[in-house]
Amino acid sequence: MKSWRNPHIVSFSDVVVDFRSGRQTPRDFLERCIARVEKSESQLQAFVTLDLDAARKAADASTRRYRDGKPLSPVDGCPVGIKDIMSTRDLPTQMGSPAFKGWQSQQDAACVHALRQGGAIIFGKTVTTEFAVGFSGPTTNPFDVTRTPGGSSSGSAAAVGAGMLPVALGTQTQGSTLRPASYCGAVGFKPTLGALPMAGIHPLSATSDHLGIIGATLADTWCIASQISLRMGSPGYGFLQ
């Protein structure tokens with residue numbers, strides 16, 4: 001059977017070796033992502049909030065660490081989108097609802113904290129359906145604007161599928177990671193219930209909520225999942241090495 005590869009995707013795992021050799025830098029890679037956002041976001045509408053100044057500062061710090069041979073982790077310098085039901089200390093968490101417009105938690109969800117600790121670049125907050133269960137947001141499918149990107153992790157899947165980011169975080173209670181990932185030509189990973197921490201994420205069901213990863217490639221997806229697990233593992237579960 002002939003395999004298919006999304007022609008739009010940008011993969012962190014494909015370029016990180018160049019960071020170590022100095023052939024390119026995390027800032028170079030980030031600027032490629034930003035250029036794609038500037039080209040496509042007006043039509044795709046994958047993001048609720050972007051902080052490109054903070055992302056560039058984080059990328060420059062990562063560039064210095066690679067230059068000194070001291071990256072913090074295998075995800076150092078990786079731009080990551082955060083579904084907007086996950087708390088972030090420096091960006092609003094609005095959960096797709098007018099009731100939370102402008103609300104800010106002042107602290108990071110466990111998964112976001114784990115990524116920051118590893119040097120990942122928090123790029124912005126991605127569109128979610130209201131509270132990850134209600135009304136859909138404005139995000140379109142990166143292959144056909146007349147079709148759905150899937151929900152509720154619509155912005156995360158569309159951003160990765162369109163090549164804006166190599167990885168973004170989603171959640172799944174029923175199908176909200178795997179479905180949008182498949183609709184948008186990305187890799188979706190839903191781990192075993194409880195294997196990745198849900199602290200700081202708006203809850204729907206204690207017995208069904210999962211933290212999910214949507215990535216350009218399997219390697220990108222697993223690298224982020226492993227980083228979260230190793231930094232903020234859940235009690236009673238083994239680490240995703």
# chains A, B, ... in the order shown; residues from 1 in each chain; ligands from 1
$ closest_atom_pairs --of "range 116-193 of chain A" --to "range 86-91 of chain A" --cutoff "10 Å" --atoms "only C-alpha atoms" --output "JSON lines"
{"residue": "A:Ile122", "atom": "CA", "partner": "A:Thr88", "partner_atom": "CA", "distance": 9.3}
{"residue": "A:Gly124", "atom": "CA", "partner": "A:Leu91", "partner_atom": "CA", "distance": 7.7}
{"residue": "A:Lys125", "atom": "CA", "partner": "A:Leu91", "partner_atom": "CA", "distance": 7.7}
{"residue": "A:Thr126", "atom": "CA", "partner": "A:Met86", "partner_atom": "CA", "distance": 9.9}
{"residue": "A:Leu169", "atom": "CA", "partner": "A:Met86", "partner_atom": "CA", "distance": 8.9}
{"residue": "A:Gly170", "atom": "CA", "partner": "A:Met86", "partner_atom": "CA", "distance": 9.0}
{"residue": "A:Thr171", "atom": "CA", "partner": "A:Met86", "partner_atom": "CA", "distance": 9.3}
$ write_last_selection --atoms "N, CA, C and O atoms" --output "PDB file, in the first residue's frame"
ATOM      1  N   ILE A 122       6.639  27.811  24.071  1.00  0.00           N
ATOM      2  CA  ILE A 122       5.175  27.931  24.117  1.00  0.00           C
ATOM      3  C   ILE A 122       4.768  29.010  23.132  1.00  0.00           C
ATOM      4  O   ILE A 122       4.985  30.196  23.347  1.00  0.00           O
ATOM      5  N   GLY A 124       1.630  29.618  21.531  1.00  0.00           N
ATOM      6  CA  GLY A 124       0.345  30.293  21.637  1.00  0.00           C
ATOM      7  C   GLY A 124      -0.724  29.311  22.052  1.00  0.00           C
ATOM      8  O   GLY A 124      -0.465  28.126  22.273  1.00  0.00           O
ATOM      9  N   LYS A 125      -1.960  29.809  22.182  1.00  0.00           N
ATOM     10  CA  LYS A 125      -3.101  28.988  22.585  1.00  0.00           C
ATOM     11  C   LYS A 125      -3.960  28.696  21.351  1.00  0.00           C
ATOM     12  O   LYS A 125      -4.292  29.598  20.584  1.00  0.00           O
ATOM     13  N   THR A 126      -4.337  27.438  21.206  1.00  0.00           N
ATOM     14  CA  THR A 126      -5.079  27.019  20.027  1.00  0.00           C
ATOM     15  C   THR A 126      -6.573  26.919  20.315  1.00  0.00           C
ATOM     16  O   THR A 126      -7.002  26.684  21.439  1.00  0.00           O
ATOM     17  N   LEU A 169      -0.631  20.427  21.829  1.00  0.00           N
ATOM     18  CA  LEU A 169      -1.325  19.611  22.819  1.00  0.00           C
ATOM     19  C   LEU A 169      -2.828  19.667  22.590  1.00  0.00           C
ATOM     20  O   LEU A 169      -3.382  20.700  22.242  1.00  0.00           O
ATOM     21  N   GLY A 170      -3.464  18.516  22.811  1.00  0.00           N
ATOM     22  CA  GLY A 170      -4.913  18.430  22.758  1.00  0.00           C
ATOM     23  C   GLY A 170      -5.420  17.648  23.953  1.00  0.00           C
ATOM     24  O   GLY A 170      -4.653  17.277  24.839  1.00  0.00           O
ATOM     25  N   THR A 171      -6.700  17.418  23.984  1.00  0.00           N
ATOM     26  CA  THR A 171      -7.285  16.532  24.993  1.00  0.00           C
ATOM     27  C   THR A 171      -8.293  15.632  24.294  1.00  0.00           C
ATOM     28  O   THR A 171      -8.731  15.916  23.182  1.00  0.00           O
TER      29      THR A 171
END
$ residues_around --residues "range 175-189 of chain A" --least-positions-apart "3" --cutoff "8 Å" --atoms "only C-alpha atoms" --output "PyMOL selection string"
chain A and resi 6+141-143+148-154+157-158+160-162+170-172+212-218+221
$ closest_residue --among "A:Ser226, A:Ser208, A:Ser73, A:Thr128" --to "Gln174 in chain A" --atoms "only C-alpha atoms"
A:Ser208
$ residues_around --residues "range 51-55 of chain A" --least-positions-apart "5" --cutoff "10 Å" --atoms "only C-alpha atoms" --output "list in words"
Arg27, Leu30, Glu31, Ile34, Asp60, Ala61, Gly77, Pro79, Val80, Asp90, Leu91, Ala120, Ile121, Ile122, Phe123, Gly124 and Lys125 of chain A
$ write_last_selection --atoms "all heavy atoms" --output "short mmCIF file (atom, residue, chain, number, x, y, z; two decimals), in the first residue's frame"
data_model
loop_
_atom_site.label_atom_id
_atom_site.label_comp_id
_atom_site.auth_asym_id
_atom_site.auth_seq_id
_atom_site.Cartn_x
_atom_site.Cartn_y
_atom_site.Cartn_z
N ARG A 27 15.93 29.48 16.60
CA ARG A 27 15.32 30.72 16.12
C ARG A 27 15.01 30.62 14.62
O ARG A 27 13.94 31.07 14.17
CB ARG A 27 16.24 31.90 16.41
CG ARG A 27 15.74 33.25 15.89
CD ARG A 27 14.43 33.69 16.58
NE ARG A 27 13.93 34.93 16.03
CZ ARG A 27 14.20 36.15 16.51
NH1 ARG A 27 14.98 36.28 17.59
NH2 ARG A 27 13.72 37.23 15.96
N LEU A 30 11.90 28.49 14.35
CA LEU A 30 10.73 29.24 14.81
C LEU A 30 10.27 30.22 13.75
O LEU A 30 9.06 30.37 13.50
CB LEU A 30 11.05 29.98 16.11
CG LEU A 30 9.92 30.88 16.62
CD1 LEU A 30 8.74 30.05 17.12
CD2 LEU A 30 10.43 31.80 17.75
N GLU A 31 11.20 30.91 13.10
CA GLU A 31 10.81 31.90 12.09
C GLU A 31 10.11 31.24 10.91
O GLU A 31 9.22 31.83 10.30
CB GLU A 31 12.03 32.69 11.63
CG GLU A 31 12.61 33.62 12.70
CD GLU A 31 11.62 34.68 13.19
OE1 GLU A 31 10.72 35.06 12.41
OE2 GLU A 31 11.76 35.13 14.33
N ILE A 34 6.59 30.82 12.15
CA ILE A 34 5.91 32.11 12.18
C ILE A 34 5.52 32.55 10.77
O ILE A 34 4.42 33.08 10.55
CB ILE A 34 6.78 33.17 12.87
CG1 ILE A 34 6.91 32.86 14.36
CG2 ILE A 34 6.22 34.58 12.66
CD1 ILE A 34 7.88 33.75 15.12
N ASP A 60 15.70 32.23 21.20
CA ASP A 60 17.06 32.75 21.31
C ASP A 60 17.79 32.12 22.49
O ASP A 60 18.99 31.80 22.40
CB ASP A 60 17.03 34.27 21.46
CG ASP A 60 16.64 34.98 20.18
OD1 ASP A 60 16.73 34.36 19.10
OD2 ASP A 60 16.24 36.16 20.25
N ALA A 61 17.08 31.92 23.60
CA ALA A 61 17.69 31.25 24.75
C ALA A 61 18.05 29.81 24.41
O ALA A 61 19.12 29.31 24.80
CB ALA A 61 16.74 31.30 25.95
N GLY A 77 13.85 23.87 22.27
CA GLY A 77 13.71 24.59 21.01
C GLY A 77 12.53 24.19 20.17
O GLY A 77 12.34 24.73 19.07
N PRO A 79 8.80 24.40 19.09
CA PRO A 79 7.58 25.21 19.26
C PRO A 79 6.37 24.30 19.47
O PRO A 79 6.18 23.31 18.75
CB PRO A 79 7.46 25.97 17.93
CG PRO A 79 8.81 25.84 17.27
CD PRO A 79 9.35 24.53 17.72
N VAL A 80 5.55 24.64 20.46
CA VAL A 80 4.39 23.81 20.81
C VAL A 80 3.17 24.71 20.98
O VAL A 80 3.23 25.74 21.65
CB VAL A 80 4.64 23.02 22.12
CG1 VAL A 80 3.45 22.13 22.42
CG2 VAL A 80 5.92 22.19 22.02
N ASP A 90 1.26 32.89 31.44
CA ASP A 90 1.56 34.12 30.72
C ASP A 90 0.60 34.41 29.57
O ASP A 90 0.77 35.40 28.87
CB ASP A 90 3.00 34.08 30.20
CG ASP A 90 3.30 32.82 29.40
OD1 ASP A 90 2.42 31.94 29.33
OD2 ASP A 90 4.42 32.71 28.86
N LEU A 91 -0.40 33.55 29.38
CA LEU A 91 -1.38 33.75 28.32
C LEU A 91 -2.77 33.47 28.87
O LEU A 91 -2.93 32.62 29.76
CB LEU A 91 -1.11 32.79 27.15
CG LEU A 91 0.18 33.02 26.34
CD1 LEU A 91 0.42 31.83 25.42
CD2 LEU A 91 0.10 34.31 25.54
N ALA A 120 11.08 23.73 25.69
CA ALA A 120 10.14 23.89 24.57
C ALA A 120 9.61 25.31 24.53
O ALA A 120 9.54 26.01 25.55
CB ALA A 120 8.99 22.89 24.70
N ILE A 121 9.22 25.75 23.36
CA ILE A 121 8.77 27.12 23.14
C ILE A 121 7.24 27.15 23.10
O ILE A 121 6.63 26.56 22.21
CB ILE A 121 9.34 27.67 21.82
CG1 ILE A 121 10.87 27.69 21.89
CG2 ILE A 121 8.80 29.07 21.53
CD1 ILE A 121 11.54 27.89 20.54
N ILE A 122 6.64 27.81 24.07
CA ILE A 122 5.18 27.93 24.12
C ILE A 122 4.77 29.01 23.13
O ILE A 122 4.98 30.20 23.35
CB ILE A 122 4.69 28.25 25.55
CG1 ILE A 122 5.23 27.19 26.52
CG2 ILE A 122 3.17 28.30 25.57
CD1 ILE A 122 4.92 25.76 26.16
N PHE A 123 4.18 28.58 22.05
CA PHE A 123 3.96 29.42 20.88
C PHE A 123 2.68 30.23 20.98
O PHE A 123 2.61 31.37 20.55
CB PHE A 123 3.89 28.48 19.67
CG PHE A 123 3.98 29.16 18.33
CD1 PHE A 123 5.21 29.37 17.74
CD2 PHE A 123 2.84 29.55 17.65
CE1 PHE A 123 5.30 29.97 16.50
CE2 PHE A 123 2.91 30.15 16.42
CZ PHE A 123 4.16 30.36 15.83
N GLY A 124 1.63 29.62 21.53
CA GLY A 124 0.35 30.29 21.64
C GLY A 124 -0.72 29.31 22.05
O GLY A 124 -0.46 28.13 22.27
N LYS A 125 -1.96 29.81 22.18
CA LYS A 125 -3.10 28.99 22.58
C LYS A 125 -3.96 28.70 21.35
O LYS A 125 -4.29 29.60 20.58
CB LYS A 125 -3.94 29.71 23.65
CG LYS A 125 -3.14 30.13 24.89
CD LYS A 125 -2.56 28.94 25.64
CE LYS A 125 -3.58 28.18 26.46
NZ LYS A 125 -4.07 28.93 27.64
#
$ closest_residue --among "A:Gly118, A:Gly102, A:Gly163, A:Pro92" --to "Ser62 in chain A" --atoms "only C-alpha atoms"
A:Gly118
$ select_by_dssp --residues "range 118-204 of chain A" --states "helix (DSSP H, G or I)" --output "list in words"
Glu130, Phe131, Ala132, Ser154, Gly155, Ser156, Ala157, Ala158, Ala159, Val160, Gly161, Leu178, Arg179, Pro180, Ala181, Ser182 and Tyr183 of chain A
$ write_last_selection --atoms "C-alpha atoms" --output "tab-separated table (two decimals), in the first residue's frame"
chain	number	residue	atom	x	y	z
A	130	GLU	CA	-16.44	25.69	24.09
A	131	PHE	CA	-15.14	23.91	27.22
A	132	ALA	CA	-13.98	21.15	24.84
A	154	SER	CA	-9.47	21.76	16.28
A	155	GLY	CA	-6.87	24.52	16.47
A	156	SER	CA	-4.07	22.20	17.57
A	157	ALA	CA	-4.73	19.73	14.74
A	158	ALA	CA	-5.14	22.42	12.08
A	159	ALA	CA	-1.96	24.24	13.14
A	160	VAL	CA	0.11	21.06	12.92
A	161	GLY	CA	-1.58	19.87	9.73
A	178	LEU	CA	-7.49	11.27	17.30
A	179	ARG	CA	-10.34	12.57	15.16
A	180	PRO	CA	-8.99	16.10	14.44
A	181	ALA	CA	-5.47	14.73	13.97
A	182	SER	CA	-6.74	12.36	11.28
A	183	TYR	CA	-8.90	15.03	9.63
$ residues_around --residues "Asp18 in chain A" --least-positions-apart "5" --cutoff "12 Å" --atoms "only C-alpha atoms" --output "PyMOL selection string"
chain A and resi 12-13+23-26+28-29+63+66-67+77
$ write_last_selection --atoms "C-alpha atoms" --output "PDB file, in the first residue's frame"
ATOM      1  CA  PHE A  12      11.140  19.137  14.855  1.00  0.00           C
ATOM      2  CA  SER A  13      12.771  15.712  14.910  1.00  0.00           C
ATOM      3  CA  ARG A  23      23.726  24.271  10.684  1.00  0.00           C
ATOM      4  CA  GLN A  24      20.551  25.983  11.850  1.00  0.00           C
ATOM      5  CA  THR A  25      19.159  27.270  15.116  1.00  0.00           C
ATOM      6  CA  PRO A  26      15.913  27.092  17.083  1.00  0.00           C
ATOM      7  CA  ASP A  28      15.655  29.824  12.430  1.00  0.00           C
ATOM      8  CA  PHE A  29      13.113  27.032  12.846  1.00  0.00           C
ATOM      9  CA  THR A  63      19.879  28.791  20.499  1.00  0.00           C
ATOM     10  CA  TYR A  66      22.678  24.500  21.784  1.00  0.00           C
ATOM     11  CA  ARG A  67      25.651  26.704  20.930  1.00  0.00           C
ATOM     12  CA  GLY A  77      13.709  24.587  21.009  1.00  0.00           C
TER      13      GLY A  77
END
$ residues_around --residues "range 228-241 of chain A" --least-positions-apart "6" --cutoff "6 Å" --atoms "only C-alpha atoms" --output "compact mmCIF listing (two decimals) with N, CA, C and O atoms, in the first residue's frame"
# COMPACT_ATOMS: atom_id res chain seq x y z
N CYS A 111 1.37 19.81 32.26
CA CYS A 111 1.99 19.49 30.97
C CYS A 111 2.76 20.68 30.40
O CYS A 111 3.85 20.52 29.84
N ALA A 114 6.00 21.08 32.36
CA ALA A 114 6.99 20.09 31.95
C ALA A 114 7.69 20.49 30.65
O ALA A 114 8.91 20.32 30.51
N ALA A 195 -1.93 8.22 32.21
CA ALA A 195 -0.49 8.10 31.97
C ALA A 195 0.19 9.46 31.88
O ALA A 195 1.37 9.59 32.22
N LEU A 196 -0.53 10.48 31.40
CA LEU A 196 -0.02 11.84 31.35
C LEU A 196 -0.90 12.72 32.24
O LEU A 196 -2.11 12.54 32.29
N PRO A 197 -0.30 13.69 32.93
CA PRO A 197 -1.04 14.44 33.96
C PRO A 197 -2.07 15.39 33.37
O PRO A 197 -1.83 16.06 32.36
$ select_by_dssp --residues "range 24-208 of chain A" --states "strand (DSSP E or B)" --output "tab-separated table (two decimals) with C-alpha atoms, in the first residue's frame"
chain	number	residue	atom	x	y	z
A	47	PHE	CA	-5.08	30.30	17.28
A	48	VAL	CA	-6.86	32.20	20.02
A	49	THR	CA	-3.72	33.91	21.33
A	50	LEU	CA	-0.16	34.26	20.07
A	79	PRO	CA	7.58	25.21	19.26
A	80	VAL	CA	4.39	23.81	20.81
A	81	GLY	CA	0.78	24.97	20.62
A	82	ILE	CA	-1.38	24.68	23.76
A	83	LYS	CA	-5.08	23.89	23.59
A	86	MET	CA	-4.92	24.27	29.55
A	121	ILE	CA	8.77	27.12	23.14
A	122	ILE	CA	5.18	27.93	24.12
A	123	PHE	CA	3.96	29.42	20.88
A	124	GLY	CA	0.35	30.29	21.64
A	125	LYS	CA	-3.10	28.99	22.58
A	126	THR	CA	-5.08	27.02	20.03
A	141	ASN	CA	-9.51	22.38	7.77
A	144	ASP	CA	-10.38	22.37	2.49
A	167	VAL	CA	3.49	19.67	17.75
A	168	ALA	CA	0.47	20.87	19.73
A	169	LEU	CA	-1.33	19.61	22.82
A	170	GLY	CA	-4.91	18.43	22.76
A	171	THR	CA	-7.29	16.53	24.99
A	172	GLN	CA	-9.65	13.65	24.42
A	187	VAL	CA	-0.33	12.11	14.03
A	188	GLY	CA	-2.58	11.80	17.09
A	189	PHE	CA	-1.59	10.04	20.31
A	201	ILE	CA	-6.71	21.30	32.43
$ atom_distance --atom1 "CA of Pro203 in chain A" --atom2 "CA of Ser97 in chain A"
14.6 Å
$ atom_distance --atom1 "CA of Lys57 in chain A" --atom2 "CA of His202 in chain A"
28.4 Å
$ atom_distance --atom1 "CA of Val145 in chain A" --atom2 "CA of Ser3 in chain A"
24.3 Å
$ closest_residue --among "A:Gly22, A:Gln227, A:Val133, A:Leu193" --to "Arg116 in chain A" --atoms "only C-alpha atoms"
A:Gln227
$ closest_residue --among "A:Arg147, A:Asp209, A:Met164, A:Ala199" --to "Gln107 in chain A" --atoms "only C-alpha atoms"
A:Ala199
